[in-house]
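A.B. asks: Submitted below is the structure of interest, expressed as structure tokens.
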Amino acid sequence: MDIFERTIRGLEVGLKVGDIATFDLCTCSVDDDVREVLNRSDLELFSAIPVRGSSAIVGVLERPTAARGRVGEAMRPLDDSLLVAFDEPIKGFIPKLQETPYRLVVRGAQIDGIVTWSDVHKLPVRLLVFALITHLEMLMAEAIVEHYGEDGWLEALKPKRRENVNEKIVTLRADELDPPLIELTEFADNKELLVAGPIADWEIGSRRARDELRRIEDLRNKVAHASGFVNDHGDLARFVGVLASAEEWIARLQSHRAADREQH
């Protein structure tokens with residue numbers, strides 16, 4: 001395992017649900033009136049409101065609801081599907097938000113936080129996603145160089161894209177910098193080079209490969225530019241799917257790299 005893979009594994013294990021959760025919960029009581037709770041100004045932004053019994057959280061009042069009367073009669077009682085441990089790794093937790101769009105966070109012996117699907121926009125998740133896709137980009141670059149040679153891939157680029165790379169070369173060399181040429185490409189370049197070269201004889205078709213890599217590229221750009229990428233439950237499902245696709249591509253490239261090295 002190289003240093004980048006160790007870094008990825010460290011992020012996967014080190015970034016916890018507690019790093020993106022919200023604490024100091026705003027709550028209501030089982031004896032409160034449902035309509036009054038839903039109209040409270042301090043709770044109007046929350047779609048899931050933790051409910052306290054005599055001393056502990058016992059359920060959640062969810063919006064929207066047509067229920068009236070006591071909160072205790074309208075709330076969703078606690079069960080395992082509403083809970084998550086403070087120290088659960090973010091990476092394994094994110095897909096669970098598809099089942100329930102929020103979880104109450106258990107720290108020690110008590111519930112004292114909440115995490116929702118909107119928290120995937122927070123910095124720890126962005127760091128994890130960007131690192132994962134950067135890992136993929138590095139593996140793509142390695143596969144391209146192994147297939148085309150150190151600079152043979154330049155001729156495989158479309159003229160405009162080749163011109164962009166050459167302009168970068170001139171600028172960097174003027175500053176007495178001379179990085180490997182493959183580092184001057186963009187994700188879109190590597191996508192086309194990969195599809196046309198190293199994976200041309202793989203079982204995955206070129207159209208499917210382009211579609212999957214395009215979606216990964218789109219997520220990468222949104223994360224890099226601090227844009228929103230999950231605005232509803234459908235977006236969340238797509239986000240989870242793109243992360244899974246990125247991991248599949250990492251596994252494919254690592255597997256083929258290992259197979260090529262065994263042959264040589």
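In the structure tokens, the first chain shown is A, the next is B, and so on; residue numbers restart at 1 for each chain, and ligands run from 1 in the order shown.
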Determine which residues of region 8-149 of chain A DSSP labels as strand (DSSP E) from the backbone of this structure, then write them out as an MDAnalysis selection string.

C.D. replies: chainID A and resid 22:23 28:29 48:52 57:62 76:77 83:85 102:107 110:116

A.B. asks: Fewer than 3 positions away in the same chain doesn't count, so skip those; otherwise give me all residues within 12 Å of region 165-180 of chain A, counting only C-alpha atoms, as a VMD selection string.

C.D. replies: chain A and resid 141 to 142 145 149 to 151 153 to 155 157 to 162 183 to 186 189

A.B. asks: Could you give me, as a CSV table (one decimal) with C-alpha atoms, in the first residue's frame, the residues within 12 Å of Ile250 (chain A), counting only C-alpha atoms and dropping anything in the same chain fewer than 6 positions from it?

C.D. replies:
```csv
chain,number,residue,atom,x,y,z
A,5,GLU,CA,-3.6,4.8,-0.2
A,8,ILE,CA,-7.2,7.6,2.1
A,132,LEU,CA,-11.0,9.7,-3.0
A,133,ILE,CA,-11.4,11.2,-6.5
A,134,THR,CA,-7.8,12.5,-6.4
A,135,HIS,CA,-6.7,8.9,-5.7
A,136,LEU,CA,-8.7,7.8,-8.8
A,137,GLU,CA,-7.1,10.6,-10.9
A,138,MET,CA,-3.6,9.5,-9.9
A,139,LEU,CA,-4.4,5.9,-10.9
A,140,MET,CA,-5.9,7.1,-14.2
A,141,ALA,CA,-2.7,9.0,-14.9
A,142,GLU,CA,-0.5,6.0,-14.1
A,143,ALA,CA,-2.5,3.8,-16.5
A,213,LEU,CA,-16.3,9.0,-15.3
A,216,ILE,CA,-17.4,11.4,-11.1
A,243,LEU,CA,-19.0,7.5,-4.7
A,244,ALA,CA,-19.5,3.8,-5.2
A,256,HIS,CA,-5.2,-4.2,-13.9
A,257,ARG,CA,-2.1,-2.5,-12.6
```

A.B. asks: Quick one: residues within 10 Å of Gly92 (chain A), only C-alpha atoms, excluding same-chain residues fewer than 4 positions away - as a ChimeraX atom specification?

C.D. replies: /A:12-13,16-17,88,96

A.B. asks: Report, in Å to a single decimal, how far apart CA of Gln98 (chain A) and CA of His233 (chain A) are.

C.D. replies: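 About the pair CA of His233 (chain A) and CA of Gln98 (chain A): they are 7.1 Å apart.
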
A.B. asks: In region 159-248 of chain A, what's alpha helix (DSSP H) per DSSP? Answer as a VMD selection string?

C.D. replies: chain A and resid 159 to 174 187 to 196 206 to 224 233 to 248

A.B. asks: Of the candidates A:Arg35, A:Arg107, A:Arg215, A:His147, which shows the shortest atom-to-atom distance to Val240 (chain A), using only C-alpha atoms?

C.D. replies: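 Selected residue with least distance to Val240 (chain A): A:Arg215.
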
A.B. asks: Determine the nearest neighbour of Arg6 (chain A) from the options A:Ala131, A:Glu73, A:Gly234, A:Ile90, counting only C-alpha atoms.

C.D. replies: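 Looking only at the distances to Arg6 (chain A), the closest residue turns out to be A:Ala131.
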
A.B. asks: Take CA of Leu219 (chain A) and CA of Val129 (chain A) and report the distance between them in Å, one decimal.

C.D. replies: 8.7 Å

A.B. asks: Between A:Ser55, A:Ser47, A:Thr7, A:Thr116, single out the one closest to Thr100 (chain A), counting only C-alpha atoms.

C.D. replies: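 Going through A:Ser55, A:Ser47, A:Thr7, A:Thr116 one by one, the smallest distance to Thr100 (chain A) is for A:Thr116.
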
A.B. asks: Just checking: using only C-alpha atoms, which residue out of A:Glu44, A:Glu62, A:Asp33, A:Asp19 ends up closest to Val105 (chain A)?

C.D. replies: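 Among the listed residues, A:Asp19 lies closest to Val105 (chain A).
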
A.B. asks: Between A:Pro95, A:Pro77, A:Pro198, A:Gly205, single out the one closest to Arg52 (chain A), counting only C-alpha atoms.

C.D. replies: A:Pro77

A.B. asks: Quick one: of A:Met75, A:Leu104, A:Leu61, A:Val242, who's nearest to Phe23 (chain A), counting only C-alpha atoms?

C.D. replies: A:Leu104

A.B. asks: One number please: CA of Ala196 (chain A) to CA of Gly241 (chain A), in Å, one decimal.

C.D. replies: 24.4 Å
